[in-house]
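Trainee: Before we start, here is the structure in question, set down as C-alpha cells.
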Amino acid sequence: MFALCGLSLPLVAGAQQQKDVKLVLQITVDQLRGDTMTRFGDRFVKGGFRHLLENGVHFSNTHYDHANTETAPGHATLATGANPSRHGIVANDWINATTGAFVYNTEDDRHHILGSEKKPHQGVSPRNLLSTTIGDELVLHSGSRSRAFAVSPKDRGAILPGGHFGKAFWYSKRSGTFVTSSYYYDDYPEWAAQWNESKPTARYQNQSWSLLNPIESYIARDIDDRPYEGDIMGLGRTFPHPLGDGSSKYFNAAIGLTPMADELALEFAKVMFEAEAIAAGDSTDYLQISFSSCDYAGHFFGASSLEYEDAVLRVDALLADLFAFIDEKVGLDKTVIALCADHGGPESPEYMQSLGFDAGRFPLDLFKINNPFAMALQKRFGRADFIKGHSHPYLYIDQDAVTEAGATVEEVEQFLAGELRRKEGIAYALTRSDLLEGRVAGAPMQEMIRRSFHPTRSGNIHLIPEQYWFLHSTAEAQALGIDLITAIHGSPWSYDTFVPLLFAGPSIKPQKVARRVTPRDLAPTLANYLGIKAPSGSSGNVLVEVIDN
C-alpha cells in the first residue's frame, strides 16, 4: 500500500479555498450512452439529471478514445485521467502471460474480503491500478486531512475510483450486504456492521422490479418481450420481474442485477456519509458513487429495451434523492459534482438485423479446439495449440508452444492476425509486436488500440469486431448461467465510446458544449478546479468551461 509517512501539509488551498468546496461528488453511471440525456430527458425529474443539465456544464460530445470500453478501464480512466496504457487496467480480466491464469482487474490474494474465507483469486485491492486517482491527490495535498470514499454495487466500481488511499465498499451478490477487503480495514466499522446486520435485502422478499412510471409513457412500451432478451436468475423477460421470496440461493444475486442494488448503494452511502462525518471537517472530502443497474439492463435486455429505459429513469430519481441529501448535509453551493459513464452501450445484433443492418454474433467456442484458426496454424506451423486463450479484447498465444515448434511469436501473431481479418465480422486485428515496434500508422482505430495497450498485461492480438458484431468468451456467459448475453459493449465504435459528461458546482456557469472531449479530461479538470496536482498518470486536458467562470 502507498504510505503517507506522516505528512503534515497545509489544507487544500488556492482555487478550492476561494470556492469554499467541502465535497467532491463524482458519480459514475455504468453503461450510460451520451444520447440518453436527450432520449429520456423529457421525463427526468426535478433535481436529478436535470439539476446538472440546468445548472452545470454539459459536454454533449464526449467520447472515450481508448479501444476497450469495458467497466474496469472506464472507471479507472475517470478516476485517473489516464488511458489504460498508463493506468494499467486494460480490461475487466486479462491473462497472465507466465501462468496462463485469468486475472481479475482488482485481484489481490493478499487482501481477502472481510467476513469471508480466504480463497485464491478472491482477494481484492486497488494495487493493479498504476496511477494515483483524483481522491488520492486530494489526500496527498491535504496531508491526509481530506478523505476519499467510494461505493458501488460492483467491486470494480468502488475499488478503482476509491484509489490507493481511500475506502471502498461494494454489494456482495452472495451475502446481500456491502463488503470491503482487508486492504482497507482489519474489521468492519461499527456503522457498516450494523447496517449489514439489518439484512438490507429482506425488504425485497416477495417483491418485483416493476415499472417506475405508467407504461404508456415509455418509448419501449411495445417491445417488452423480445425472444433474444435474457432470463437471468429467474427474473424473467418481461415486467414485472419477480425478485423471489428469499429462499433461493440466487436471491441476493438477482437483486444485484436490478435497480434495487442501486437503491441499496445510495442508502449505504448515506449511512456512511453521516457515520464518517464526510465533508464535515476543515478540508475537502471526496465521494464517488457508481450505479450499476443500467449496465445489467443493457447487457441482458439491450439499450432499446423497456428495462434499460426504466433503469435510467430510476437512476435519475436516485440522483434527485442524493442531491437533496447532499444539499441538506453539506450544501450544493459547497459541492462540486462531476458525472460521467464508464462506457456507452450497443443495441443487440438481433434488433439491428430486424432493422436491416448487417450484424451478428460469434460462437462462444470460436477459439476452442478444432477451430478454423487452429487448423490454419496446424497447416502453416505443424502445430495447432498456439492459442492459449481469449479474454476480451485479446487473443493470447502460448509462447512455449511457439518456441517448441521452432517459430517466433511475432510470425505467429502476424499469421493469426491475417487469418482473423479474413473472418466475416472481424474489423481489425492488431498485434503486440506491431505495437511494441511502433509499426502503427496512426490511423484512428490503431491509435485507440495503442491507448489501450500495456506491454505486460495486454494480449498478443487486439481483436475488434465489426459494428454490432459481438465476440465474447464462454467464461463470461457461463459465469451468468446463460447461453448468450443480449448486448456486449467493449468496442471502439461510437455507441460504446459516447457518454455524457457534466459538471456543476460553485462558480460553474450553465452551458452546453458541443466540441469533442474525452472522459480523461474529468480528473485533471477537477484537479485544476481544486488547485491540486492532477493524478500521476493523467494525460487529459483541463476543460476551460468548468474553470473559466
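Labels for the C-alpha cells follow display order: chains A, B, ..., residues from 1 in each chain, ligands from 1.
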From a DSSP pass on the backbone, collect the residues of range 161-316 of chain A flagged as strand (DSSP E or B) and hand them back as a PyMOL selection string.

Mentor: chain A and resi 167-171+178-179+181+207-209+241-244+285-291

Trainee: Using only C-alpha atoms, please write the residues we just selected to a file, as a compact mmCIF listing (two decimals), in the first residue's frame.

Mentor:
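Dumped everything to part-v7.txt:
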```txt
# COMPACT_ATOMS: atom_id res chain seq x y z
CA LYS A 167 -12.06 3.44 1.46
CA ALA A 168 -14.24 1.31 -0.82
CA PHE A 169 -17.43 -0.69 -0.24
CA TRP A 170 -19.48 -2.73 -2.71
CA TYR A 171 -22.50 -5.02 -2.86
CA PHE A 178 -21.94 -4.24 1.41
CA VAL A 179 -18.43 -5.57 1.86
CA SER A 181 -11.42 -6.05 1.97
CA GLN A 207 -41.35 -8.00 -4.33
CA SER A 208 -40.78 -7.28 -8.01
CA TRP A 209 -38.92 -4.85 -10.17
CA HIS A 241 -39.59 -9.01 -12.77
CA PRO A 242 -40.08 -11.11 -9.61
CA LEU A 243 -37.24 -10.95 -7.10
CA GLY A 244 -38.29 -14.11 -5.27
CA ASP A 285 -13.53 15.20 1.07
CA TYR A 286 -14.15 13.01 -1.97
CA LEU A 287 -17.08 10.65 -2.54
CA GLN A 288 -17.67 8.53 -5.62
CA ILE A 289 -20.90 6.60 -6.12
CA SER A 290 -21.23 4.26 -9.10
CA PHE A 291 -24.69 3.00 -10.14
```

Trainee: Extract the full set of helix (DSSP H, G or I) residues from range 65-95 of chain A according to DSSP on the backbone, and format it as number ranges by chain.

Mentor: A: 71-80, 84-87

Trainee: Considering only C-alpha atoms, return as a PyMOL selection string whatever protein or nucleic-acid residues lie within 12 Å of Lys118 in chain A, sequence-local ones (same chain, fewer than 4 positions apart) excluded.

Mentor: chain A and resi 108-114+122-124+181-182

Trainee: Quick one: everything within 12 Å of Ala443 in chain A, counting only C-alpha atoms, minus sequence neighbours fewer than 5 positions away in the same chain. Send it as a PyMOL selection string.

Mentor: chain A and resi 428+430+448-450

Trainee: Write out as CSV a residue-level contact list of range 119-162 of chain A versus range 504-524 of chain A with cut-off 12 Å: for each qualifying residue the closest pair of atoms and the distance in Å to one decimal, counting only C-alpha atoms, rows sorted by chain and residue number upward.

Mentor:
```
residue,atom,partner,partner_atom,distance
A:Ser131,CA,A:Ala523,CA,11.9
A:Thr132,CA,A:Ala523,CA,10.6
A:Thr133,CA,A:Ala523,CA,7.8
A:Ile134,CA,A:Ala523,CA,5.9
A:Gly135,CA,A:Ala523,CA,9.4
A:Asp136,CA,A:Ala523,CA,11.2
A:Glu137,CA,A:Ala523,CA,10.1
A:Leu138,CA,A:Ala523,CA,11.3
A:Pro161,CA,A:Ala523,CA,10.8
```

Trainee: Pick out the residues sitting within 7 Å of range 221-223 of chain A, and hand them over as a VMD selection string; count only C-alpha atoms, and ignore anything fewer than 4 positions along from it in its own chain.

Mentor: chain A and resid 215 to 216 305 to 306

Trainee: Just the residues within 7 Å of range 348-351 of chain A, please, counting only C-alpha atoms, with nothing from its chain fewer than 4 positions along; format it as a list in words.

Mentor: Gly302, Leu355, Ala359, Gly360, Tyr468, Trp469, Thr486 and Ala487 of chain A

Trainee: Rank A:His87, A:His343, A:His58, A:Arg457 by their smallest atom-to-atom distance to Ser538 in chain A, using only C-alpha atoms, and report the top residue only.

Mentor: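 Residue with the minimum atom-to-atom distance to Ser538 in chain A: A:His87.
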
Trainee: Please provide the set of residues having any atom within 12 Å of Ile326 in chain A, restricted to only C-alpha atoms, with same-chain residues fewer than 4 positions apart removed, written as a PyMOL selection string.

Mentor: chain A and resi 22-25+47+266+269-270+273-274+278-280+287+319-322+330-337

Trainee: Write out, as a compact mmCIF listing (two decimals), in the first residue's frame, the residues just selected, with N, CA, C and O atoms.

Mentor:
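The result, written out as selection06.txt:
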```txt
# COMPACT_ATOMS: atom_id res chain seq x y z
N LYS A 22 -16.46 21.90 0.00
CA LYS A 22 -16.33 20.93 1.08
C LYS A 22 -16.37 19.49 0.57
O LYS A 22 -15.89 18.58 1.24
N LEU A 23 -16.97 19.28 -0.59
CA LEU A 23 -17.15 17.92 -1.09
C LEU A 23 -16.97 17.86 -2.60
O LEU A 23 -17.50 18.69 -3.34
N VAL A 24 -16.19 16.87 -3.03
CA VAL A 24 -16.14 16.49 -4.44
C VAL A 24 -17.00 15.24 -4.58
O VAL A 24 -16.70 14.20 -4.00
N LEU A 25 -18.09 15.35 -5.32
CA LEU A 25 -19.01 14.24 -5.53
C LEU A 25 -18.90 13.78 -6.98
O LEU A 25 -19.31 14.48 -7.90
N GLY A 47 -34.31 18.01 -10.14
CA GLY A 47 -33.29 17.75 -9.13
C GLY A 47 -32.38 16.58 -9.42
O GLY A 47 -31.41 16.36 -8.69
N LEU A 266 -27.14 3.64 -2.59
CA LEU A 266 -27.38 5.00 -2.14
C LEU A 266 -27.67 5.03 -0.65
O LEU A 266 -27.16 5.89 0.08
N ALA A 269 -24.48 4.53 1.19
CA ALA A 269 -23.64 5.73 1.09
C ALA A 269 -24.11 6.82 2.04
O ALA A 269 -23.28 7.53 2.65
N LYS A 270 -25.42 6.96 2.20
CA LYS A 270 -25.93 7.95 3.14
C LYS A 270 -25.54 7.63 4.58
O LYS A 270 -25.14 8.51 5.35
N PHE A 273 -21.94 8.36 4.95
CA PHE A 273 -21.70 9.80 4.91
C PHE A 273 -21.84 10.40 6.31
O PHE A 273 -21.01 11.20 6.76
N GLU A 274 -22.90 10.01 7.00
CA GLU A 274 -23.14 10.57 8.34
C GLU A 274 -22.22 9.96 9.38
O GLU A 274 -21.68 10.67 10.24
N ILE A 278 -18.45 12.80 6.65
CA ILE A 278 -17.86 13.25 5.39
C ILE A 278 -18.22 14.70 5.12
O ILE A 278 -19.37 15.12 5.33
N ALA A 279 -17.26 15.48 4.70
CA ALA A 279 -17.42 16.91 4.37
C ALA A 279 -17.76 17.76 5.58
O ALA A 279 -18.24 18.88 5.43
N ALA A 280 -17.50 17.24 6.78
CA ALA A 280 -17.81 18.00 8.00
C ALA A 280 -16.56 18.61 8.62
O ALA A 280 -16.67 19.33 9.62
N LEU A 287 -16.15 11.78 -2.55
CA LEU A 287 -17.08 10.65 -2.54
C LEU A 287 -17.44 10.30 -3.97
O LEU A 287 -17.88 11.16 -4.73
N LEU A 319 -30.63 10.11 -8.20
CA LEU A 319 -29.80 11.31 -8.21
C LEU A 319 -30.51 12.48 -7.53
O LEU A 319 -29.89 13.24 -6.78
N ALA A 320 -31.80 12.62 -7.79
CA ALA A 320 -32.56 13.69 -7.14
C ALA A 320 -32.54 13.50 -5.62
O ALA A 320 -32.38 14.47 -4.86
N ASP A 321 -32.68 12.26 -5.18
CA ASP A 321 -32.61 11.94 -3.75
C ASP A 321 -31.22 12.25 -3.21
O ASP A 321 -31.07 12.88 -2.15
N LEU A 322 -30.19 11.83 -3.91
CA LEU A 322 -28.82 12.08 -3.47
C LEU A 322 -28.51 13.56 -3.39
O LEU A 322 -27.94 14.04 -2.39
N VAL A 330 -24.49 19.19 3.40
CA VAL A 330 -23.29 19.97 3.08
C VAL A 330 -23.65 21.31 2.44
O VAL A 330 -23.08 22.35 2.77
N GLY A 331 -24.59 21.26 1.51
CA GLY A 331 -24.94 22.41 0.68
C GLY A 331 -24.39 22.20 -0.71
O GLY A 331 -23.18 21.98 -0.87
N LEU A 332 -25.27 22.25 -1.70
CA LEU A 332 -24.80 22.12 -3.08
C LEU A 332 -23.91 23.29 -3.47
O LEU A 332 -23.12 23.18 -4.41
N ASP A 333 -24.02 24.38 -2.74
CA ASP A 333 -23.16 25.54 -3.01
C ASP A 333 -21.74 25.32 -2.49
O ASP A 333 -20.85 26.12 -2.75
N LYS A 334 -21.53 24.23 -1.77
CA LYS A 334 -20.19 23.87 -1.30
C LYS A 334 -19.74 22.53 -1.88
O LYS A 334 -18.81 21.91 -1.36
N THR A 335 -20.41 22.09 -2.94
CA THR A 335 -20.14 20.78 -3.53
C THR A 335 -19.89 20.92 -5.02
O THR A 335 -20.67 21.57 -5.73
N VAL A 336 -18.82 20.33 -5.50
CA VAL A 336 -18.60 20.24 -6.94
C VAL A 336 -18.97 18.82 -7.37
O VAL A 336 -18.54 17.84 -6.74
N ILE A 337 -19.79 18.72 -8.40
CA ILE A 337 -20.29 17.43 -8.87
C ILE A 337 -19.75 17.18 -10.28
O ILE A 337 -19.80 18.07 -11.13
```

Trainee: So how many Å separate CA of Lys173 in chain A and CA of Leu364 in chain A, to one decimal?

Mentor: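 About the pair CA of Lys173 in chain A and CA of Leu364 in chain A: they are 25.2 Å apart.
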
Trainee: Which one of A:Ile159, A:Ala150, A:Cys294, A:Ala253 sits closest to Thr201 in chain A if you count only C-alpha atoms?

Mentor: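 The shortest atom-to-atom distance to Thr201 in chain A comes from A:Ala253.
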
Trainee: Mind giving me the straight-line distance from CA of Asp365 in chain A to CA of Lys379 in chain A in Å, one decimal?

Mentor: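 If I compute the distance from CA of Asp365 in chain A to CA of Lys379 in chain A, I get 20.5 Å.
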
Trainee: Using only C-alpha atoms, which of the listed residues (A:Asn460, A:Leu235, A:Gly442, A:Ser391) sits closest to Leu416 in chain A?

Mentor: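 Residue with the minimum atom-to-atom distance to Leu416 in chain A: A:Asn460.
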
Trainee: Hey, which of A:Met272, A:Leu366, A:Ala441, A:Leu211 ends up closest to Tyr188 in chain A? Count only C-alpha atoms.

Mentor: A:Met272
